[in-house]
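With mmCIF, C-alpha atoms and all ligand atoms; chains and numbers go by the auth columns inside, this is model.cif:
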```cif
data_my_file
loop_
_atom_site.group_PDB
_atom_site.id
_atom_site.type_symbol
_atom_site.label_atom_id
_atom_site.label_comp_id
_atom_site.label_asym_id
_atom_site.label_seq_id
_atom_site.Cartn_x
_atom_site.Cartn_y
_atom_site.Cartn_z
_atom_site.B_iso_or_equiv
_atom_site.auth_seq_id
_atom_site.auth_asym_id
ATOM 1 C CA MET A 1 33.391 -42.728 17.091 0.00 13 A
ATOM 2 C CA THR A 2 30.980 -39.903 16.588 0.00 14 A
ATOM 3 C CA GLN A 3 28.642 -39.808 13.718 0.00 15 A
ATOM 4 C CA THR A 4 27.337 -36.623 12.416 0.00 16 A
ATOM 5 C CA ALA A 5 23.967 -36.792 10.903 0.00 17 A
ATOM 6 C CA THR A 6 22.820 -34.108 8.634 0.00 18 A
ATOM 7 C CA ARG A 7 19.259 -33.675 7.823 0.00 19 A
ATOM 8 C CA THR A 8 18.037 -31.716 4.941 0.00 20 A
ATOM 9 C CA GLN A 9 14.938 -29.770 5.716 0.00 21 A
ATOM 10 C CA ALA A 10 12.750 -28.220 3.160 0.00 22 A
ATOM 11 C CA ARG A 11 13.309 -24.521 3.315 0.00 23 A
ATOM 12 C CA LYS A 12 10.436 -22.192 3.508 0.00 24 A
ATOM 13 C CA PRO A 13 10.534 -19.734 0.664 0.00 25 A
ATOM 14 C CA ALA A 14 11.866 -16.416 1.810 0.00 26 A
ATOM 15 C CA SER A 15 8.896 -14.162 2.187 0.00 27 A
ATOM 16 C CA LYS A 16 9.280 -10.468 1.834 0.00 28 A
ATOM 17 C CA PRO A 17 7.617 -8.489 4.545 0.00 29 A
ATOM 18 C CA ALA A 18 4.618 -6.537 3.340 0.00 30 A
ATOM 19 C CA PRO A 19 5.553 -2.965 2.443 0.00 31 A
ATOM 20 C CA ALA A 20 4.545 -0.316 4.934 0.00 32 A
ATOM 21 C CA ARG A 21 1.441 1.445 3.669 0.00 33 A
ATOM 22 C CA LYS A 22 -0.753 4.275 4.819 0.00 34 A
ATOM 23 C CA ILE A 23 -4.051 5.458 3.412 0.00 35 A
ATOM 24 C CA ARG A 24 -5.744 8.711 4.218 0.00 36 A
ATOM 25 C CA LEU A 25 -8.989 10.173 2.965 0.00 37 A
ATOM 26 C CA ILE A 26 -8.098 13.674 1.764 0.00 38 A
ATOM 27 C CA LEU A 27 -11.575 14.688 0.564 0.00 39 A
ATOM 28 C CA ALA A 28 -14.889 12.962 1.114 0.00 40 A
ATOM 29 C CA ALA A 29 -17.125 12.436 -1.895 0.00 41 A
ATOM 30 C CA ALA A 30 -19.556 15.309 -2.367 0.00 42 A
ATOM 31 C CA GLY A 31 -22.365 15.196 -4.877 0.00 43 A
ATOM 32 C CA ASP A 32 -20.838 14.338 -8.254 0.00 44 A
ATOM 33 C CA MET A 33 -17.307 14.871 -6.958 0.00 45 A
ATOM 34 C CA PRO A 34 -15.345 11.736 -6.131 0.00 46 A
ATOM 35 C CA ALA A 35 -13.514 11.204 -2.871 0.00 47 A
ATOM 36 C CA VAL A 36 -9.741 11.695 -2.936 0.00 48 A
ATOM 37 C CA ALA A 37 -7.511 9.250 -1.097 0.00 49 A
ATOM 38 C CA ARG A 38 -3.768 9.324 -0.586 0.00 50 A
ATOM 39 C CA ILE A 39 -1.945 6.003 -0.475 0.00 51 A
ATOM 40 C CA GLU A 40 1.651 5.983 0.681 0.00 52 A
ATOM 41 C CA THR A 41 3.812 2.937 0.120 0.00 53 A
ATOM 42 C CA GLU A 42 7.314 2.958 1.525 0.00 54 A
ATOM 43 C CA GLY A 43 7.483 6.742 1.408 0.00 55 A
ATOM 44 C CA LYS A 44 6.084 7.087 -2.124 0.00 56 A
ATOM 45 C CA ALA A 45 2.631 8.654 -2.237 0.00 57 A
ATOM 46 C CA ALA A 46 -0.052 8.840 -4.890 0.00 58 A
ATOM 47 C CA LEU A 47 -3.468 10.460 -4.984 0.00 59 A
ATOM 48 C CA TYR A 48 -6.540 8.594 -6.162 0.00 60 A
ATOM 49 C CA ALA A 49 -10.005 9.760 -7.138 0.00 61 A
ATOM 50 C CA VAL A 50 -12.428 7.223 -5.685 0.00 62 A
ATOM 51 C CA ARG A 51 -16.036 6.962 -6.785 0.00 63 A
ATOM 52 C CA GLU A 52 -18.467 4.352 -5.582 0.00 64 A
ATOM 53 C CA VAL A 53 -20.399 2.768 -8.412 0.00 65 A
ATOM 54 C CA ALA A 54 -23.252 0.298 -8.433 0.00 66 A
ATOM 55 C CA GLY A 55 -22.046 -2.741 -6.568 0.00 67 A
ATOM 56 C CA GLN A 56 -23.192 -6.250 -5.952 0.00 68 A
ATOM 57 C CA PRO A 57 -25.265 -7.481 -3.015 0.00 69 A
ATOM 58 C CA GLN A 58 -22.160 -8.911 -1.322 0.00 70 A
ATOM 59 C CA ALA A 59 -19.679 -6.160 -2.144 0.00 71 A
ATOM 60 C CA ARG A 60 -19.302 -2.452 -2.647 0.00 72 A
ATOM 61 C CA MET A 61 -17.656 -1.474 -5.909 0.00 73 A
ATOM 62 C CA PHE A 62 -15.352 1.515 -6.414 0.00 74 A
ATOM 63 C CA CYS A 63 -13.834 3.081 -9.503 0.00 75 A
ATOM 64 C CA VAL A 64 -10.307 4.173 -8.545 0.00 76 A
ATOM 65 C CA ARG A 65 -8.373 6.554 -10.794 0.00 77 A
ATOM 66 C CA GLU A 66 -4.779 7.655 -10.447 0.00 78 A
ATOM 67 C CA VAL A 67 -3.183 10.410 -12.498 0.00 79 A
ATOM 68 C CA VAL A 68 0.214 8.852 -13.144 0.00 80 A
ATOM 69 C CA THR A 69 1.480 11.572 -15.456 0.00 81 A
ATOM 70 C CA SER A 70 -0.214 14.387 -17.341 0.00 82 A
ATOM 71 C CA ASP A 71 -0.766 11.896 -20.189 0.00 83 A
ATOM 72 C CA GLU A 72 -1.502 8.754 -18.241 0.00 84 A
ATOM 73 C CA VAL A 73 -4.411 7.851 -15.993 0.00 85 A
ATOM 74 C CA GLU A 74 -4.733 4.396 -14.491 0.00 86 A
ATOM 75 C CA THR A 75 -8.237 3.203 -13.698 0.00 87 A
ATOM 76 C CA TYR A 76 -9.055 0.208 -11.536 0.00 88 A
ATOM 77 C CA THR A 77 -12.210 -1.306 -10.152 0.00 89 A
ATOM 78 C CA CYS A 78 -12.139 -2.502 -6.559 0.00 90 A
ATOM 79 C CA TYR A 79 -14.703 -4.787 -4.966 0.00 91 A
ATOM 80 C CA ILE A 80 -14.842 -4.612 -1.201 0.00 92 A
ATOM 81 C CA GLY A 81 -16.988 -7.198 0.561 0.00 93 A
ATOM 82 C CA GLU A 82 -17.220 -8.050 4.232 0.00 94 A
ATOM 83 C CA LYS A 83 -14.710 -10.874 3.952 0.00 95 A
ATOM 84 C CA THR A 84 -13.426 -10.627 0.417 0.00 96 A
ATOM 85 C CA GLN A 85 -11.913 -7.986 -1.787 0.00 97 A
ATOM 86 C CA SER A 86 -10.427 -7.732 -5.242 0.00 98 A
ATOM 87 C CA CYS A 87 -9.057 -5.231 -7.719 0.00 99 A
ATOM 88 C CA THR A 88 -8.456 -5.106 -11.448 0.00 100 A
ATOM 89 C CA CYS A 89 -4.857 -3.829 -11.169 0.00 101 A
ATOM 90 C CA GLN A 90 -1.717 -5.784 -12.098 0.00 102 A
ATOM 91 C CA GLY A 91 -0.685 -6.135 -8.467 0.00 103 A
ATOM 92 C CA TRP A 92 -3.895 -7.944 -7.642 0.00 104 A
ATOM 93 C CA ASN A 93 -3.596 -10.153 -10.704 0.00 105 A
ATOM 94 C CA ARG A 94 -0.094 -11.204 -9.671 0.00 106 A
ATOM 95 C CA HIS A 95 -0.316 -11.378 -5.901 0.00 107 A
ATOM 96 C CA ARG A 96 -4.025 -11.378 -5.014 0.00 108 A
ATOM 97 C CA LYS A 97 -3.235 -8.350 -2.886 0.00 109 A
ATOM 98 C CA CYS A 98 -2.838 -4.662 -3.666 0.00 110 A
ATOM 99 C CA LYS A 99 -2.724 -1.237 -2.071 0.00 111 A
ATOM 100 C CA HIS A 100 -6.011 -0.148 -3.635 0.00 112 A
ATOM 101 C CA ALA A 101 -8.149 -2.978 -2.255 0.00 113 A
ATOM 102 C CA ASP A 102 -6.327 -3.053 1.087 0.00 114 A
ATOM 103 C CA GLY A 103 -6.655 0.703 1.468 0.00 115 A
ATOM 104 C CA LEU A 104 -10.305 0.909 0.471 0.00 116 A
ATOM 105 C CA ALA A 105 -11.143 -2.025 2.744 0.00 117 A
ATOM 106 C CA VAL A 106 -9.703 -0.046 5.664 0.00 118 A
ATOM 107 C CA LEU A 107 -11.644 3.101 4.728 0.00 119 A
ATOM 108 C CA VAL A 108 -14.863 1.074 4.400 0.00 120 A
ATOM 109 C CA LYS A 109 -14.230 -0.701 7.709 0.00 121 A
ATOM 110 C CA ILE A 110 -13.787 2.528 9.633 0.00 122 A
ATOM 111 C CA GLY A 111 -16.721 4.172 7.885 0.00 123 A
ATOM 112 C CA LYS A 112 -14.763 6.845 6.016 0.00 124 A
ATOM 113 C CA ILE A 113 -16.279 5.932 2.657 0.00 125 A
HETATM 114 ZN ZN ZN B . -5.280 -2.720 -7.031 0.00 201 B
#
```
Go ahead and render the structure in this file as C-alpha cells.
Ligand SMILES: [Zn+2]
Amino acid sequence: MTQTATRTQARKPASKPAPARKIRLILAAAGDMPAVARIETEGKAALYAVREVAGQPQARMFCVREVVTSDEVETYTCYIGEKTQSCTCQGWNRHRKCKHADGLAVLVKIGKI
C-alpha cells in the first residue's frame, strides 16, 4: 500500500517584478535654472524640473516638480544619501520605493547632478 503524503508549504507572496525604468538628464542645472530629467516607466515618460536645495549633512535634498497637466503640478522632495534615500511622493509612502528617488540616486551616483 502506498501512502501519499501531502505537505502544505507556506507560499511566498507573489512579487511583481519591478517596472522597467530609465532616467536621463535632459538639461543640467544652470544658474537659477533647474535641471530637467526624463523618467520613463514602462514606456510612459514624464519630465521633471529638479533643483537641489539645502540638504542635510548625510543627504542631498532635491525639489522635484512634474507638470502633470496645464493645471496640475506635483512637487516632491527627495533625499539622497550614500546608503539611504526617500521621497515625499505617494509611491514612497506606500512602497518605500519610487521612481524619483531611484532615478535621482542613479544621477547622483554617476555624477550627473
Ligand atoms: Zn517619489
Name every residue that the PyMOL selection byres (((chain A and resi 65-73) around 9) and not hetatm) selects in this structure, writing the answer as an mmCIF file with C-alpha atoms, in the coordinates of the input with chains first and numbers rising.
```cif
data_model
loop_
_atom_site.group_PDB
_atom_site.id
_atom_site.type_symbol
_atom_site.label_atom_id
_atom_site.label_comp_id
_atom_site.auth_asym_id
_atom_site.auth_seq_id
_atom_site.Cartn_x
_atom_site.Cartn_y
_atom_site.Cartn_z
ATOM 1 C CA ARG A 63 -16.036 6.962 -6.785
ATOM 2 C CA GLU A 64 -18.467 4.352 -5.582
ATOM 3 C CA PHE A 74 -15.352 1.515 -6.414
ATOM 4 C CA CYS A 75 -13.834 3.081 -9.503
ATOM 5 C CA THR A 89 -12.210 -1.306 -10.152
ATOM 6 C CA CYS A 90 -12.139 -2.502 -6.559
ATOM 7 C CA TYR A 91 -14.703 -4.787 -4.966
ATOM 8 C CA ILE A 92 -14.842 -4.612 -1.201
ATOM 9 C CA GLY A 93 -16.988 -7.198 0.561
ATOM 10 C CA GLU A 94 -17.220 -8.050 4.232
ATOM 11 C CA THR A 96 -13.426 -10.627 0.417
ATOM 12 C CA GLN A 97 -11.913 -7.986 -1.787
#
```
List as an mmCIF file with C-alpha atoms, keeping the file's coordinate frame the protein and nucleic acid residues near Arg33 of chain A, meaning an atom at most 10 Å away when all atoms listed in the file are counted, but skip any in the same chain fewer than 6 places from it.
```
data_model
loop_
_atom_site.group_PDB
_atom_site.id
_atom_site.type_symbol
_atom_site.label_atom_id
_atom_site.label_comp_id
_atom_site.auth_asym_id
_atom_site.auth_seq_id
_atom_site.Cartn_x
_atom_site.Cartn_y
_atom_site.Cartn_z
ATOM 1 C CA ILE A 51 -1.945 6.003 -0.475
ATOM 2 C CA GLU A 52 1.651 5.983 0.681
ATOM 3 C CA THR A 53 3.812 2.937 0.120
ATOM 4 C CA GLU A 54 7.314 2.958 1.525
ATOM 5 C CA GLY A 55 7.483 6.742 1.408
ATOM 6 C CA LYS A 56 6.084 7.087 -2.124
ATOM 7 C CA ALA A 57 2.631 8.654 -2.237
ATOM 8 C CA LYS A 111 -2.724 -1.237 -2.071
ATOM 9 C CA ASP A 114 -6.327 -3.053 1.087
ATOM 10 C CA GLY A 115 -6.655 0.703 1.468
#
```
Each chain A residue no farther than 9 Å from ligand ZN 201 (chain B), nearest pair in Å, only C-alpha atoms and all ligand atoms, as a tab-separated table:
```
residue	atom	partner	partner_atom	distance
A:Val76	CA	B:ZN201	ZN	8.7
A:Tyr88	CA	B:ZN201	ZN	6.6
A:Thr89	CA	B:ZN201	ZN	7.7
A:Cys90	CA	B:ZN201	ZN	6.9
A:Ser98	CA	B:ZN201	ZN	7.4
A:Cys99	CA	B:ZN201	ZN	4.6
A:Thr100	CA	B:ZN201	ZN	5.9
A:Cys101	CA	B:ZN201	ZN	4.3
A:Gln102	CA	B:ZN201	ZN	6.9
A:Gly103	CA	B:ZN201	ZN	5.9
A:Trp104	CA	B:ZN201	ZN	5.4
A:Asn105	CA	B:ZN201	ZN	8.5
A:Arg108	CA	B:ZN201	ZN	9.0
A:Lys109	CA	B:ZN201	ZN	7.3
A:Cys110	CA	B:ZN201	ZN	4.6
A:Lys111	CA	B:ZN201	ZN	5.8
A:His112	CA	B:ZN201	ZN	4.3
A:Ala113	CA	B:ZN201	ZN	5.6
A:Asp114	CA	B:ZN201	ZN	8.2
```
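Distance check against Leu116 of chain A using all atoms listed in the file: of A:Ala30, A:Ile35, A:Leu59, A:Val48, the minimum falls on A:Ile35.
Minimum atom-to-atom distances from A:Arg50, A:Leu39, A:His107, A:Ile125 to Val79 of chain A were compared using only C-alpha atoms, and the lowest value belongs to A:Arg50.
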Would you work out the distance separating atom CA of Pro46 of chain A from atom CA of Val62 of chain A, expressed in Å to one decimal?
5.4 Å
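Across the model, the gap from atom CA of Ile38 of chain A to atom CA of Val80 of chain A is 17.7 Å.
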Could you work out how far atom CA of Val85 of chain A lies from atom CA of Pro31 of chain A, giving the answer in Å with one decimal?
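Here the two named atoms are 23.6 Å from each other.
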Compare A:Val120, A:Arg106, A:Ala40, A:Tyr60 by their minimum atom-to-atom distance to Thr87 of chain A, counting all atoms listed in the file, and give me the closest one.
A:Tyr60
Given all atoms listed in the file as the counted atoms, nearest of A:Ala49, A:Asp44, A:Ala61, A:Ala117 to Lys95 of chain A:
A:Ala117
Model the absent atoms of segment 45-79 of chain A so that N, CA and C atoms are present, and write the result as a PDB file, keeping the file's coordinate frame.
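As a result, rebuild24.pdb now contains:
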```
ATOM      1  N   MET A  45     -18.771  14.880  -7.111  1.00  0.00           N
ATOM      2  CA  MET A  45     -17.307  14.871  -6.958  1.00  0.00           C
ATOM      3  C   MET A  45     -16.855  13.597  -6.242  1.00  0.00           C
ATOM      4  N   PRO A  46     -15.832  12.958  -6.793  1.00  0.00           N
ATOM      5  CA  PRO A  46     -15.345  11.736  -6.131  1.00  0.00           C
ATOM      6  C   PRO A  46     -14.563  12.069  -4.860  1.00  0.00           C
ATOM      7  N   ALA A  47     -14.399  11.072  -4.029  1.00  0.00           N
ATOM      8  CA  ALA A  47     -13.514  11.204  -2.871  1.00  0.00           C
ATOM      9  C   ALA A  47     -12.078  11.195  -3.392  1.00  0.00           C
ATOM     10  N   VAL A  48     -11.167  11.742  -2.595  1.00  0.00           N
ATOM     11  CA  VAL A  48      -9.741  11.695  -2.936  1.00  0.00           C
ATOM     12  C   VAL A  48      -9.020  11.028  -1.773  1.00  0.00           C
ATOM     13  N   ALA A  49      -8.274   9.980  -2.114  1.00  0.00           N
ATOM     14  CA  ALA A  49      -7.511   9.250  -1.097  1.00  0.00           C
ATOM     15  C   ALA A  49      -6.037   9.300  -1.449  1.00  0.00           C
ATOM     16  N   ARG A  50      -5.219   9.321  -0.406  1.00  0.00           N
ATOM     17  CA  ARG A  50      -3.768   9.324  -0.586  1.00  0.00           C
ATOM     18  C   ARG A  50      -3.254   8.000  -0.053  1.00  0.00           C
ATOM     19  N   ILE A  51      -2.546   7.268  -0.904  1.00  0.00           N
ATOM     20  CA  ILE A  51      -1.945   6.003  -0.475  1.00  0.00           C
ATOM     21  C   ILE A  51      -0.437   6.169  -0.530  1.00  0.00           C
ATOM     22  N   GLU A  52       0.188   5.891   0.597  1.00  0.00           N
ATOM     23  CA  GLU A  52       1.651   5.983   0.681  1.00  0.00           C
ATOM     24  C   GLU A  52       2.211   4.580   0.881  1.00  0.00           C
ATOM     25  N   THR A  53       3.149   4.234   0.016  1.00  0.00           N
ATOM     26  CA  THR A  53       3.812   2.937   0.120  1.00  0.00           C
ATOM     27  C   THR A  53       5.308   3.169   0.188  1.00  0.00           C
ATOM     28  N   GLU A  54       5.882   2.805   1.295  1.00  0.00           N
ATOM     29  CA  GLU A  54       7.314   2.958   1.525  1.00  0.00           C
ATOM     30  C   GLU A  54       7.802   4.357   1.144  1.00  0.00           C
ATOM     31  N   GLY A  55       7.081   5.357   1.603  1.00  0.00           N
ATOM     32  CA  GLY A  55       7.483   6.742   1.408  1.00  0.00           C
ATOM     33  C   GLY A  55       7.057   7.354   0.085  1.00  0.00           C
ATOM     34  N   LYS A  56       6.520   6.554  -0.832  1.00  0.00           N
ATOM     35  CA  LYS A  56       6.084   7.087  -2.124  1.00  0.00           C
ATOM     36  C   LYS A  56       4.557   7.212  -2.099  1.00  0.00           C
ATOM     37  N   ALA A  57       4.072   8.426  -2.351  1.00  0.00           N
ATOM     38  CA  ALA A  57       2.631   8.654  -2.237  1.00  0.00           C
ATOM     39  C   ALA A  57       1.996   8.904  -3.588  1.00  0.00           C
ATOM     40  N   ALA A  58       0.734   8.562  -3.688  1.00  0.00           N
ATOM     41  CA  ALA A  58      -0.052   8.840  -4.890  1.00  0.00           C
ATOM     42  C   ALA A  58      -1.460   9.211  -4.451  1.00  0.00           C
ATOM     43  N   LEU A  59      -2.093  10.044  -5.260  1.00  0.00           N
ATOM     44  CA  LEU A  59      -3.468  10.460  -4.984  1.00  0.00           C
ATOM     45  C   LEU A  59      -4.414   9.730  -5.927  1.00  0.00           C
ATOM     46  N   TYR A  60      -5.559   9.354  -5.392  1.00  0.00           N
ATOM     47  CA  TYR A  60      -6.540   8.594  -6.162  1.00  0.00           C
ATOM     48  C   TYR A  60      -7.909   9.237  -6.040  1.00  0.00           C
ATOM     49  N   ALA A  61      -8.597   9.384  -7.157  1.00  0.00           N
ATOM     50  CA  ALA A  61     -10.005   9.760  -7.138  1.00  0.00           C
ATOM     51  C   ALA A  61     -10.790   8.466  -6.974  1.00  0.00           C
ATOM     52  N   VAL A  62     -11.688   8.444  -6.010  1.00  0.00           N
ATOM     53  CA  VAL A  62     -12.428   7.223  -5.685  1.00  0.00           C
ATOM     54  C   VAL A  62     -13.921   7.506  -5.777  1.00  0.00           C
ATOM     55  N   ARG A  63     -14.587   6.781  -6.623  1.00  0.00           N
ATOM     56  CA  ARG A  63     -16.036   6.962  -6.785  1.00  0.00           C
ATOM     57  C   ARG A  63     -16.720   5.611  -6.605  1.00  0.00           C
ATOM     58  N   GLU A  64     -17.709   5.595  -5.742  1.00  0.00           N
ATOM     59  CA  GLU A  64     -18.467   4.352  -5.582  1.00  0.00           C
ATOM     60  C   GLU A  64     -19.431   4.220  -6.748  1.00  0.00           C
ATOM     61  N   VAL A  65     -19.485   3.041  -7.306  1.00  0.00           N
ATOM     62  CA  VAL A  65     -20.399   2.768  -8.412  1.00  0.00           C
ATOM     63  C   VAL A  65     -21.311   1.622  -7.979  1.00  0.00           C
ATOM     64  N   ALA A  66     -22.295   1.343  -8.803  1.00  0.00           N
ATOM     65  CA  ALA A  66     -23.252   0.298  -8.433  1.00  0.00           C
ATOM     66  C   ALA A  66     -22.514  -0.993  -8.140  1.00  0.00           C
ATOM     67  N   GLY A  67     -22.757  -1.533  -6.975  1.00  0.00           N
ATOM     68  CA  GLY A  67     -22.046  -2.741  -6.568  1.00  0.00           C
ATOM     69  C   GLY A  67     -22.886  -3.985  -6.708  1.00  0.00           C
ATOM     70  N   GLN A  68     -22.477  -4.985  -5.985  1.00  0.00           N
ATOM     71  CA  GLN A  68     -23.192  -6.250  -5.952  1.00  0.00           C
ATOM     72  C   GLN A  68     -23.763  -6.395  -4.546  1.00  0.00           C
ATOM     73  N   PRO A  69     -24.691  -7.326  -4.364  1.00  0.00           N
ATOM     74  CA  PRO A  69     -25.265  -7.481  -3.015  1.00  0.00           C
ATOM     75  C   PRO A  69     -24.202  -7.777  -1.957  1.00  0.00           C
ATOM     76  N   GLN A  70     -23.161  -8.510  -2.325  1.00  0.00           N
ATOM     77  CA  GLN A  70     -22.160  -8.911  -1.322  1.00  0.00           C
ATOM     78  C   GLN A  70     -20.966  -7.972  -1.252  1.00  0.00           C
ATOM     79  N   ALA A  71     -20.887  -6.984  -2.142  1.00  0.00           N
ATOM     80  CA  ALA A  71     -19.679  -6.160  -2.144  1.00  0.00           C
ATOM     81  C   ALA A  71     -19.980  -4.755  -2.647  1.00  0.00           C
ATOM     82  N   ARG A  72     -19.236  -3.810  -2.115  1.00  0.00           N
ATOM     83  CA  ARG A  72     -19.302  -2.452  -2.647  1.00  0.00           C
ATOM     84  C   ARG A  72     -18.262  -2.353  -3.755  1.00  0.00           C
ATOM     85  N   MET A  73     -18.561  -1.571  -4.759  1.00  0.00           N
ATOM     86  CA  MET A  73     -17.656  -1.474  -5.909  1.00  0.00           C
ATOM     87  C   MET A  73     -17.219  -0.015  -6.066  1.00  0.00           C
ATOM     88  N   PHE A  74     -15.909   0.170  -6.286  1.00  0.00           N
ATOM     89  CA  PHE A  74     -15.352   1.515  -6.414  1.00  0.00           C
ATOM     90  C   PHE A  74     -14.525   1.616  -7.693  1.00  0.00           C
ATOM     91  N   CYS A  75     -14.695   2.743  -8.377  1.00  0.00           N
ATOM     92  CA  CYS A  75     -13.834   3.081  -9.503  1.00  0.00           C
ATOM     93  C   CYS A  75     -12.707   3.938  -8.926  1.00  0.00           C
ATOM     94  N   VAL A  76     -11.477   3.508  -9.121  1.00  0.00           N
ATOM     95  CA  VAL A  76     -10.307   4.173  -8.545  1.00  0.00           C
ATOM     96  C   VAL A  76      -9.435   4.670  -9.695  1.00  0.00           C
ATOM     97  N   ARG A  77      -9.172   5.986  -9.702  1.00  0.00           N
ATOM     98  CA  ARG A  77      -8.373   6.554 -10.794  1.00  0.00           C
ATOM     99  C   ARG A  77      -7.167   7.272 -10.219  1.00  0.00           C
ATOM    100  N   GLU A  78      -6.031   7.010 -10.845  1.00  0.00           N
ATOM    101  CA  GLU A  78      -4.779   7.655 -10.447  1.00  0.00           C
ATOM    102  C   GLU A  78      -4.203   8.395 -11.645  1.00  0.00           C
ATOM    103  N   VAL A  79      -3.884   9.665 -11.454  1.00  0.00           N
ATOM    104  CA  VAL A  79      -3.183  10.410 -12.498  1.00  0.00           C
ATOM    105  C   VAL A  79      -1.702  10.098 -12.334  1.00  0.00           C
TER     106      VAL A  79
END
```
